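Data file: run_38.cif. Format and content: mmCIF, C-alpha atoms.
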data_work
#
loop_
_atom_site.label_atom_id
_atom_site.label_comp_id
_atom_site.auth_asym_id
_atom_site.auth_seq_id
_atom_site.Cartn_x
_atom_site.Cartn_y
_atom_site.Cartn_z
CA MET A 121 -30.00 14.42 83.62
CA ASN A 122 -31.96 11.39 82.45
CA ARG A 123 -33.68 9.78 85.51
CA LEU A 124 -32.77 6.31 84.25
CA SER A 125 -29.08 7.10 83.71
CA ILE A 126 -26.54 5.03 85.64
CA PRO A 127 -23.79 7.16 87.28
CA LEU A 128 -21.09 4.61 86.38
CA ALA A 129 -18.37 7.20 85.75
CA GLU A 130 -19.02 8.78 89.17
CA VAL A 131 -18.89 5.40 90.93
CA VAL A 132 -15.63 4.43 89.19
CA ASN A 133 -14.02 7.79 90.00
CA LYS A 134 -15.00 7.48 93.67
CA PHE A 135 -13.60 3.94 93.81
CA PHE A 136 -10.23 5.05 92.40
CA ASP A 137 -10.11 8.22 94.54
CA LYS A 138 -10.73 6.16 97.69
CA ASN A 139 -8.34 3.32 96.94
CA ILE A 140 -5.50 4.88 94.99
CA GLU A 141 -3.59 5.96 98.15
CA HIS A 142 -3.67 2.35 99.43
CA ILE A 143 -2.74 0.73 96.13
CA ALA A 144 -0.13 3.28 94.96
CA PRO A 145 2.66 2.18 97.39
CA ILE A 146 2.35 -1.40 96.10
CA THR A 147 2.34 -0.37 92.43
CA ARG A 148 5.36 1.92 93.00
CA GLY A 149 7.33 -1.07 94.28
CA ILE A 150 6.30 -3.18 91.30
CA SER A 151 7.04 -0.23 89.02
CA LYS A 152 10.69 0.00 90.16
CA GLY A 153 11.28 -3.70 89.51
CA LEU A 154 9.70 -3.64 86.06
CA GLU A 155 11.48 -0.41 85.10
CA HIS A 156 14.82 -1.93 86.07
CA PHE A 157 14.06 -5.01 83.91
CA ILE A 158 13.04 -2.96 80.85
CA ASN A 159 16.03 -0.61 81.17
CA LEU A 160 18.40 -3.56 81.54
CA MET A 161 17.13 -5.20 78.34
CA GLU A 162 17.23 -1.89 76.44
CA SER A 163 20.77 -1.19 77.67
CA VAL A 164 21.97 -4.61 76.48
CA LEU A 165 20.41 -4.12 73.02
CA LEU A 166 21.91 -0.63 72.68
CA PHE A 167 25.32 -1.52 74.14
CA VAL A 168 26.17 -4.06 71.44
CA ASN A 169 27.37 -2.71 68.09
CA PRO A 170 24.35 -2.65 65.69
CA PHE A 171 26.11 -4.71 62.99
CA VAL A 172 27.23 -7.31 65.51
CA LEU A 173 23.68 -7.49 66.88
CA ILE A 174 22.11 -7.78 63.41
CA PHE A 175 24.34 -10.70 62.39
CA SER A 176 23.94 -12.28 65.87
CA PHE A 177 20.13 -12.22 65.48
CA ALA A 178 20.43 -13.78 62.00
CA LEU A 179 22.83 -16.47 63.26
CA ILE A 180 20.61 -17.36 66.26
CA ILE A 181 17.55 -17.66 64.02
CA TRP A 182 19.46 -19.81 61.50
CA LEU A 183 20.66 -22.10 64.32
CA ILE A 184 17.09 -22.49 65.65
CA VAL A 185 15.00 -22.84 62.49
CA ARG A 186 17.66 -23.59 59.84
CA ASN A 187 16.00 -21.22 57.39
CA LYS A 188 18.54 -19.35 55.26
CA LYS A 189 15.93 -17.10 53.63
CA LEU A 190 14.63 -15.94 57.01
CA SER A 191 18.15 -15.17 58.24
CA ILE A 192 18.83 -13.07 55.13
CA PHE A 193 15.46 -11.35 55.62
CA VAL A 194 16.45 -10.49 59.23
CA ILE A 195 19.72 -8.95 58.05
CA VAL A 196 18.08 -6.93 55.24
CA SER A 197 15.20 -5.74 57.47
CA LEU A 198 17.40 -4.60 60.34
CA LEU A 199 19.90 -2.94 57.99
CA PHE A 200 16.96 -1.07 56.42
CA ILE A 201 15.86 0.14 59.88
CA PHE A 202 19.47 1.14 60.68
CA SER A 203 19.71 3.06 57.39
CA LEU A 204 16.59 5.06 58.38
CA ASP A 205 18.45 6.13 61.53
CA LEU A 206 15.80 4.45 63.69
CA TRP A 207 18.07 1.95 65.42
CA ASP A 208 17.82 3.32 68.99
CA GLU A 209 14.04 3.77 68.74
CA THR A 210 13.63 0.25 67.32
CA MET A 211 15.71 -1.34 70.09
CA SER A 212 13.70 0.63 72.69
CA THR A 213 10.45 -0.64 71.18
CA LEU A 214 11.83 -4.19 70.88
CA ALA A 215 12.86 -4.19 74.57
CA LEU A 216 9.38 -3.04 75.62
CA VAL A 217 7.61 -5.54 73.33
CA LEU A 218 9.76 -8.50 74.42
CA THR A 219 9.36 -7.63 78.12
CA GLY A 220 5.60 -7.14 77.71
CA THR A 221 5.27 -10.42 75.79
CA PHE A 222 7.32 -12.30 78.39
CA VAL A 223 5.15 -11.02 81.28
CA SER A 224 1.92 -11.65 79.31
CA LEU A 225 2.93 -15.24 78.55
CA ALA A 226 4.16 -15.86 82.10
CA ILE A 227 0.67 -14.99 83.39
CA GLY A 228 -1.47 -15.93 80.37
CA MET A 229 -0.26 -19.45 79.63
CA PRO A 230 -0.84 -20.86 83.15
CA LEU A 231 -4.29 -19.23 83.07
CA GLY A 232 -4.94 -20.84 79.67
CA ILE A 233 -3.90 -24.26 80.99
CA ALA A 234 -6.13 -23.84 84.05
CA SER A 235 -8.99 -22.73 81.79
CA ALA A 236 -8.57 -25.82 79.58
CA LEU A 237 -8.56 -28.22 82.52
CA ASN A 238 -11.38 -26.67 84.53
CA ASP A 239 -14.73 -25.57 83.04
CA LYS A 240 -15.53 -23.28 86.02
CA ILE A 241 -12.30 -21.33 85.55
CA GLU A 242 -13.04 -21.12 81.80
CA LYS A 243 -16.50 -19.64 82.52
CA ILE A 244 -14.97 -17.04 84.85
CA LEU A 245 -12.12 -16.10 82.51
CA ARG A 246 -14.18 -15.86 79.31
CA PRO A 247 -16.03 -12.60 80.13
CA VAL A 248 -12.84 -11.11 81.59
CA MET A 249 -10.94 -11.88 78.37
CA ASP A 250 -13.87 -10.52 76.32
CA LEU A 251 -13.71 -7.27 78.29
CA MET A 252 -9.92 -7.00 77.93
CA GLN A 253 -10.09 -7.56 74.17
CA THR A 254 -13.04 -5.32 73.35
CA LEU A 255 -12.40 -2.34 75.64
CA PRO A 256 -10.83 0.49 73.57
CA SER A 257 -7.07 0.37 74.03
CA PHE A 258 -6.85 4.05 75.02
CA VAL A 259 -8.95 3.28 78.13
CA TYR A 260 -6.15 1.08 79.53
CA LEU A 261 -3.80 4.03 79.59
CA ILE A 262 -5.79 5.97 82.22
CA PRO A 263 -5.54 3.52 85.19
CA ALA A 264 -2.01 2.55 84.08
CA VAL A 265 -0.88 6.17 84.42
CA MET A 266 -2.78 6.63 87.72
CA PHE A 267 -1.05 3.70 89.40
CA PHE A 268 2.34 3.59 87.64
CA GLY A 269 2.85 7.16 86.43
CA LEU A 270 4.01 8.27 82.98
CA GLY A 271 6.65 6.18 81.23
CA LYS A 272 7.57 2.68 80.19
CA VAL A 273 6.13 0.83 83.18
CA ALA A 274 2.63 2.21 82.59
CA ALA A 275 3.07 1.24 78.92
CA LEU A 276 4.10 -2.25 79.99
CA VAL A 277 0.95 -2.62 82.11
CA ALA A 278 -1.23 -1.49 79.19
CA ILE A 279 0.61 -3.97 76.92
CA LEU A 280 0.05 -6.73 79.48
CA ILE A 281 -3.71 -6.15 79.60
CA PHE A 282 -4.04 -5.76 75.83
CA SER A 283 -1.88 -8.69 74.69
CA MET A 284 -2.64 -11.37 77.31
CA PRO A 285 -6.09 -12.59 76.05
CA PRO A 286 -4.75 -14.36 72.89
CA ALA A 287 -2.22 -16.25 75.01
CA VAL A 288 -4.97 -17.40 77.41
CA ARG A 289 -7.56 -18.24 74.75
CA LEU A 290 -5.31 -20.10 72.29
CA THR A 291 -3.50 -22.06 75.02
CA SER A 292 -6.88 -23.20 76.33
CA LEU A 293 -8.19 -23.93 72.82
CA GLY A 294 -5.11 -25.92 71.84
CA ILE A 295 -5.33 -28.18 74.90
CA ARG A 296 -9.09 -28.67 74.51
CA GLN A 297 -8.62 -29.69 70.85
CA VAL A 298 -6.29 -32.59 71.70
CA PRO A 299 -8.08 -35.79 70.50
CA ALA A 300 -9.74 -37.71 73.34
CA ASP A 301 -8.30 -41.05 72.14
CA LYS A 302 -4.74 -39.74 72.72
CA ILE A 303 -5.62 -38.86 76.31
CA GLU A 304 -7.41 -42.20 76.83
CA ALA A 305 -4.37 -44.06 75.51
CA ALA A 306 -2.12 -42.23 78.01
CA GLN A 307 -4.60 -42.98 80.81
CA ALA A 308 -4.60 -46.65 79.81
CA PHE A 309 -0.83 -46.72 80.42
CA GLY A 310 -1.41 -45.31 83.91
CA ALA A 311 -0.22 -41.74 83.27
CA THR A 312 -1.19 -39.12 85.85
CA LYS A 313 -2.98 -35.85 84.94
CA TRP A 314 0.32 -33.97 85.18
CA GLN A 315 2.10 -36.51 82.93
CA ILE A 316 -0.74 -36.34 80.38
CA LEU A 317 -0.54 -32.54 80.37
CA ILE A 318 3.25 -32.39 79.93
CA GLY A 319 3.68 -35.44 77.69
CA VAL A 320 0.54 -35.41 75.53
CA GLN A 321 -1.63 -32.29 75.67
CA LEU A 322 1.00 -29.52 75.54
CA PRO A 323 3.10 -31.11 72.74
CA LEU A 324 -0.01 -31.71 70.60
CA ALA A 325 -1.26 -28.17 71.29
CA THR A 326 2.07 -26.52 70.42
CA LYS A 327 0.97 -25.19 67.01
CA THR A 328 -2.09 -23.44 68.46
CA ILE A 329 -0.12 -22.14 71.45
CA MET A 330 2.52 -20.70 69.09
CA ALA A 331 -0.28 -18.94 67.18
CA GLY A 332 -1.28 -17.40 70.52
CA ILE A 333 2.31 -16.28 71.15
CA ASN A 334 2.41 -14.73 67.67
CA GLN A 335 -0.83 -12.80 68.34
CA CYS A 336 0.48 -11.76 71.75
CA ILE A 337 3.64 -10.26 70.18
CA MET A 338 1.69 -8.45 67.46
CA MET A 339 -0.73 -6.92 69.96
CA ALA A 340 2.15 -5.94 72.25
CA LEU A 341 3.77 -4.12 69.33
CA SER A 342 0.58 -2.29 68.39
CA MET A 343 0.01 -1.18 72.00
CA SER A 344 3.66 -0.07 72.36
CA VAL A 345 3.00 2.45 69.55
CA ILE A 346 -0.18 3.77 71.21
CA ALA A 347 1.63 3.90 74.56
CA ALA A 348 3.94 6.58 73.16
CA MET A 349 1.17 8.96 74.32
CA ILE A 350 2.16 8.22 77.93
CA GLY A 351 5.91 8.51 77.37
CA SER A 352 7.00 4.98 76.41
CA GLY A 353 9.33 6.34 73.70
CA GLY A 354 10.52 4.11 70.88
CA LEU A 355 9.12 4.15 67.35
CA GLY A 356 5.73 5.32 68.61
CA ARG A 357 7.26 8.61 69.73
CA GLY A 358 8.28 9.28 66.11
CA VAL A 359 4.69 8.75 64.95
CA LEU A 360 3.34 10.95 67.74
CA LYS A 361 5.87 13.72 67.01
CA ALA A 362 5.05 13.54 63.29
CA MET A 363 1.34 13.99 64.08
CA GLN A 364 2.04 16.95 66.37
CA THR A 365 4.25 18.72 63.82
CA VAL A 366 2.36 17.51 60.70
CA ASP A 367 5.66 16.07 59.40
CA ILE A 368 4.58 13.48 56.80
CA GLY A 369 8.13 12.32 56.07
CA MET A 370 8.89 11.62 59.71
CA GLY A 371 5.57 9.79 60.07
CA ILE A 372 6.28 7.56 57.05
CA GLU A 373 9.80 6.75 58.33
CA ALA A 374 8.55 5.79 61.80
CA GLY A 375 5.60 3.92 60.30
CA LEU A 376 7.90 1.92 57.98
CA GLY A 377 10.10 1.05 60.96
CA ILE A 378 7.05 -0.32 62.82
CA VAL A 379 5.86 -2.27 59.77
CA VAL A 380 9.28 -3.84 59.17
CA LEU A 381 9.62 -4.79 62.86
CA ALA A 382 6.09 -6.27 62.86
CA ILE A 383 6.77 -8.37 59.72
CA LEU A 384 10.08 -9.51 61.16
CA LEU A 385 8.59 -10.66 64.48
CA ASP A 386 5.67 -12.31 62.66
CA ARG A 387 7.91 -14.31 60.29
CA VAL A 388 10.23 -15.43 63.09
CA THR A 389 7.39 -16.68 65.33
CA GLU A 390 5.71 -18.30 62.29
CA GLN A 391 8.86 -20.28 61.51
CA LEU A 392 9.28 -21.22 65.19
CA SER A 393 5.74 -22.63 65.20
CA LYS A 394 6.55 -24.80 62.16
CA ARG A 395 9.71 -26.15 63.77
CA LYS A 396 9.28 -29.77 64.92
#

Is it possible to give me this structure as structure tokens?
Amino acid sequence: MNRLSIPLAEVVNKFFDKNIEHIAPITRGISKGLEHFINLMESVLLFVNPFVLIFSFALIIWLIVRNKKLSIFVIVSLLFIFSLDLWDETMSTLALVLTGTFVSLAIGMPLGIASALNDKIEKILRPVMDLMQTLPSFVYLIPAVMFFGLGKVAALVAILIFSMPPAVRLTSLGIRQVPADKIEAAQAFGATKWQILIGVQLPLATKTIMAGINQCIMMALSMSVIAAMIGSGGLGRGVLKAMQTVDIGMGIEAGLGIVVLAILLDRVTEQLSKRK
């Protein structure tokens, strides 16, 4: 062994070996709650007739953004996925991605706001976000499995770690980019910090924050495919099975399903960000 080598792997393994028995009871409790939430969302998506759900999605999107082309695109895309016989897998992936995105935003956006309003918090969060974004995604799966076991909850934890940085960074960036004269004008009218945040900074930062939500969803989808290796199921399982059996056709079908779902989610969030 090199005399200058740092035994980092040994130190990390000892830390986890020593602490896992204390942390595991807590993570098991969290795991049950998250699993119940994911299963509930998946059950709802699979309970409704696919055609009813497809046209319901299109109608909801038309009511929100008033974009006829996007509604037609939703119908065509989902009918294409249904015709590939990937409906159940797609709904399973969608439930995991939506749950992961919701949890990531629930934690990431308040952190982004705190980071924008306080330079010390920003300095602390920046290296943490750098680490979360640059660490190879497969590395997240190891501690996730150790603490939450195989399955969808471990996948959700990996999604949370992987997809949260864009939500934090772009929320912070959007608020910091609000022109100073707008804030000074609000201060001149006697607005408090909270009123300035709610009434001025967040509305003006909406476009950048929506870009963060879009990135968060895309990264959640990409991690949900990788997380098939730890039993998350969904469209990723099709890709994994195709690799194991060298079935090119199955791989292309599952891959097309992922691409169509990614384009669909991207176009919907893009239109939502343009909505005034």

Got a sec to resolve the PyMOL selection byres ((chain A and resi 273-276) around 10) on this structure and send the residues as a PyMOL selection string? chain A and resi 148+150-158+216-217+219-221+223-224+260-272+277-282+340+343-353

CA of Asn139 in chain A to CA of Thr254 in chain A: how many Å, to one decimal?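 Rounded to one decimal, the two atoms are 25.6 Å apart.
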
One decimal, in Å: what's the spacing between CA of Asn169 in chain A and CA of Ala374 in chain A?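 Straight-line distance from CA of Asn169 in chain A to CA of Ala374 in chain A works out to 21.6 Å.
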
To verify the selection step, state as a list in words which residues the PyMOL selection byres ((chain A and resi 377) around 8) yields on this input.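 Applied to this file, the PyMOL selection byres ((chain A and resi 377) around 8) returns Ile201, Leu206, Thr210, Leu355, Glu373, Ala374, Gly375, Leu376, Ile378, Val379, Val380 and Leu381 of chain A.
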
One decimal place gives the CA of Lys302 in chain A-CA of Met229 in chain A separation as 21.9 Å

Looking at A:Ser197, A:Ser203, A:Ser292, A:Ser191, which one is nearest to Asn238 in chain A, with distances taken over only C-alpha atoms?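 Once distances to Asn238 in chain A are computed over only C-alpha atoms, the minimum belongs to A:Ser292.
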
For the file shown, what are the residues hit by the PyMOL selection byres ((chain A and resi 185) around 8), laid out as number ranges by chain? A: 181-184, 186-187, 391-392, 395

Protein/DNA/RNA residues near (0.8, -19.2, 67.4), cut 12 Å, all atoms listed in the file, as a ChimeraX atom specification: /A:286-291,293-294,325-338,385-395

From A:Gln307, A:Thr147, A:Asn133, A:Ser342, residue lying nearest Leu214 in chain A [only C-alpha atoms]: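 Of A:Gln307, A:Thr147, A:Asn133, A:Ser342, the one nearest Leu214 in chain A is A:Ser342, counting only C-alpha atoms.
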
So, with all atoms listed in the file as the atoms that count, which of A:Glu162, A:Asp250, A:Glu130, A:Asp239 lies closest to Ser212 in chain A? A:Glu162

Around all of range 314-325 of chain A's listed atoms, make the axis-aligned box with 3 Å on each side and tell me centre and edge lengths in Å to one decimal, as JSON.
{"center_x": 1.0, "center_y": -32.3, "center_z": 77.9, "size_x": 11.3, "size_y": 14.3, "size_z": 20.6}

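Using all atoms listed in the file, the nearest neighbour of Trp207 in chain A within the list A:Met339, A:Leu165, A:Ala129, A:Ile143 is A:Leu165.
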
Neighbours of Val194 in chain A within 7 Å (only C-alpha atoms; same-chain residues fewer than 4 positions away dropped), as a short mmCIF file (atom, residue, chain, number, x, y, z; two decimals) with C-alpha atoms, in the frame of the given file?
data_model
loop_
_atom_site.label_atom_id
_atom_site.label_comp_id
_atom_site.auth_asym_id
_atom_site.auth_seq_id
_atom_site.Cartn_x
_atom_site.Cartn_y
_atom_site.Cartn_z
CA ALA A 178 20.43 -13.78 62.00
CA LEU A 190 14.63 -15.94 57.01
CA LEU A 198 17.40 -4.60 60.34
CA LEU A 384 10.08 -9.51 61.16
#

Measuring atom to atom with only C-alpha atoms, identify which of A:Ile372, A:Met284, A:Val320, A:Leu128 is nearest to Ala226 in chain A.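 Closest candidate: A:Met284.
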